[in-house]
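The next block holds one structure in the form of structure tokens; read it before the comments.
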Amino acid sequence: MPPSAVRDLKNQCALLRSLHRPGDPLLLPNAWDVATAKAVVAAGFPVVATTSGGVAATLGYDDQESAPAGEMLAAAARIARGVEVPVTVDAEAGYGMEPAELVAALRGAGAAGCNLEDTDYAAGGGLRDPARQAEWLGAVREAAAVDGYDLVINARVDVFVGPFLAGAGSGTQEELVPEALRRANAYLAAGADCVYPILLWEGEALRRFTAEANGPVNVTRLPQAPSLAELAAAGVARVSWGTSLHMDVMAHFGQRLTALAELGWRRRVTEA
């Protein structure tokens with residue numbers, strides 16, 4: 001990497017880290033290709049975040065590390081080259097890479113930051129042991145430090161994912177907060193810059209998590225979640241949209257295609 005590119009990436013890492021301000025959250029409407037990344041920048045957002053679900057779908061794969069790591073990271077690199085703002089990459093659970101290998105790949109892609117999940121896709125999708133995950137995150141931080149790379153690590157905490165997807169009732173999330181905090185604070189102590197209890201949305205549970213986490217907190221923007229103003233008041237430092245914008249766009253595209261197909265059918269009937 002040329003010296004100018006190294007300096008620029010260092011500045012982008014510093015800028016991304018500085019934008020994690022509790023009470024004044026960094027808003028990240030996630031992009032999935034260069035066109036959507038440029039749209040995010042054109043709308044005035046200071047950072048581009050990728051969504052693994054959107055990127056994988058664009059490449060023809062399912063989410064959750066179903067896409068080859070090389071293809072996902074190549075897509076991230078194209079996005080980073082296509083914009084002049086910091087890019088934080090959804091690197092899923094690290095694609096089974098050793099810390100030094102992952103760090104080199106992220107740096108080569110031009111990533112100022114990354115998400116790293118504690119779901120173990122190689123072992124059937126269960127949660128990784130938190131002590132081992134913290135050790136691994138610490139090794140990622142050390143590998144980046146050795147390389148002089150100020151990578152911003154957003155450690156995802158997946159405790160709430162299973163119950164959320166299973167449709168667990170209201171109040172369930174508060175019961176899971178102690179385990180989520182145990183993991184989050186271990187990851188922060190290991191060198192993560194921010195923690196991401198994805199799909200945590202219930203007000204009281206979210207406020208407790210944010211109050212007791214020992215670092216900046218990222219949450220998902222869900223329709224049922226508190227408003228952005230309420231999230232800011234709770235001390236949230238970062239808000240992500242995840243795959244929701246990609247799903248909205250694809251739903252709209254599908255509706256337009258249906259309308260066009262119906263129009264073509266009517267035309268054929270009329271002409272007949």
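In the structure tokens, the first chain shown is A, the next is B, and so on; residue numbers restart at 1 for each chain, and ligands run from 1 in the order shown.
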inquiry  = Quick check for you: according to DSSP on this backbone, which residues of stretch 127-258 of chain A are classed as helix (DSSP H, G or I)? Reply as a PyMOL selection string.
reply    = chain A and resi 130-146+161-165+172-190+203-212+228-233+244-258
request  = Taking the chain letters and numbering used in this document, name the residues of stretch 100-147 of chain A that DSSP puts in strand (DSSP E or B), as a PyMOL selection string.
outcome  = chain A and resi 113-117+119-120+126-127
ask   = Quick one: residues within 7 Å of A:Val103, only C-alpha atoms counted, chain neighbours fewer than 5 positions away excluded, as a list of chain:residue names?
value =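 Contacts, with the query itself left out: A:Val140, A:Ala143, A:Ala144.
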Writer output for current selection, N, CA and C atoms, as a PDB file, in the first residue's frame:
```
ATOM      1  N   VAL A 140      -6.866 -10.071  17.240  1.00  0.00           N
ATOM      2  CA  VAL A 140      -7.114  -9.199  16.090  1.00  0.00           C
ATOM      3  C   VAL A 140      -6.582  -7.800  16.391  1.00  0.00           C
ATOM      4  N   ALA A 143      -2.760  -7.905  16.279  1.00  0.00           N
ATOM      5  CA  ALA A 143      -2.258  -8.007  14.907  1.00  0.00           C
ATOM      6  C   ALA A 143      -2.354  -6.657  14.192  1.00  0.00           C
ATOM      7  N   ALA A 144      -3.445  -5.936  14.432  1.00  0.00           N
ATOM      8  CA  ALA A 144      -3.589  -4.618  13.817  1.00  0.00           C
ATOM      9  C   ALA A 144      -2.558  -3.642  14.388  1.00  0.00           C
TER      10      ALA A 144
END
```
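Residues within 9 Å of A:Leu245, counting only C-alpha atoms and excluding same-chain residues fewer than 2 positions away, are Pro29, Asn30, Ala31, Gly54, Trp241, Gly242, Thr243, Met247, Asp248, Val249 and Met250 of chain A.
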ask   = Got a sec: who's within 7 Å of A:Ile153, counting only C-alpha atoms, leaving out chain neighbours fewer than 4 positions off, as number ranges by chain?
value = A: 113-115, 192-194
Residue subset to file, keeping N, CA and C atoms, as a compact mmCIF listing (two decimals), in the first residue's frame:
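Result saved to again-v8.txt:
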```
# COMPACT_ATOMS: atom_id res chain seq x y z
N GLY A 113 -12.83 0.20 9.61
CA GLY A 113 -13.40 -0.54 10.74
C GLY A 113 -14.03 -1.82 10.27
N CYS A 114 -14.49 -2.61 11.24
CA CYS A 114 -15.15 -3.87 10.89
C CYS A 114 -16.09 -4.28 12.01
N ASN A 115 -17.09 -5.07 11.64
CA ASN A 115 -17.94 -5.80 12.59
C ASN A 115 -17.40 -7.21 12.70
N ALA A 192 -11.85 -4.27 21.77
CA ALA A 192 -12.89 -3.77 20.88
C ALA A 192 -13.16 -2.29 21.18
N ASP A 193 -13.54 -1.54 20.15
CA ASP A 193 -13.83 -0.11 20.32
C ASP A 193 -15.29 0.14 20.64
N CYS A 194 -16.15 -0.77 20.22
CA CYS A 194 -17.59 -0.59 20.34
C CYS A 194 -18.22 -1.97 20.42
```
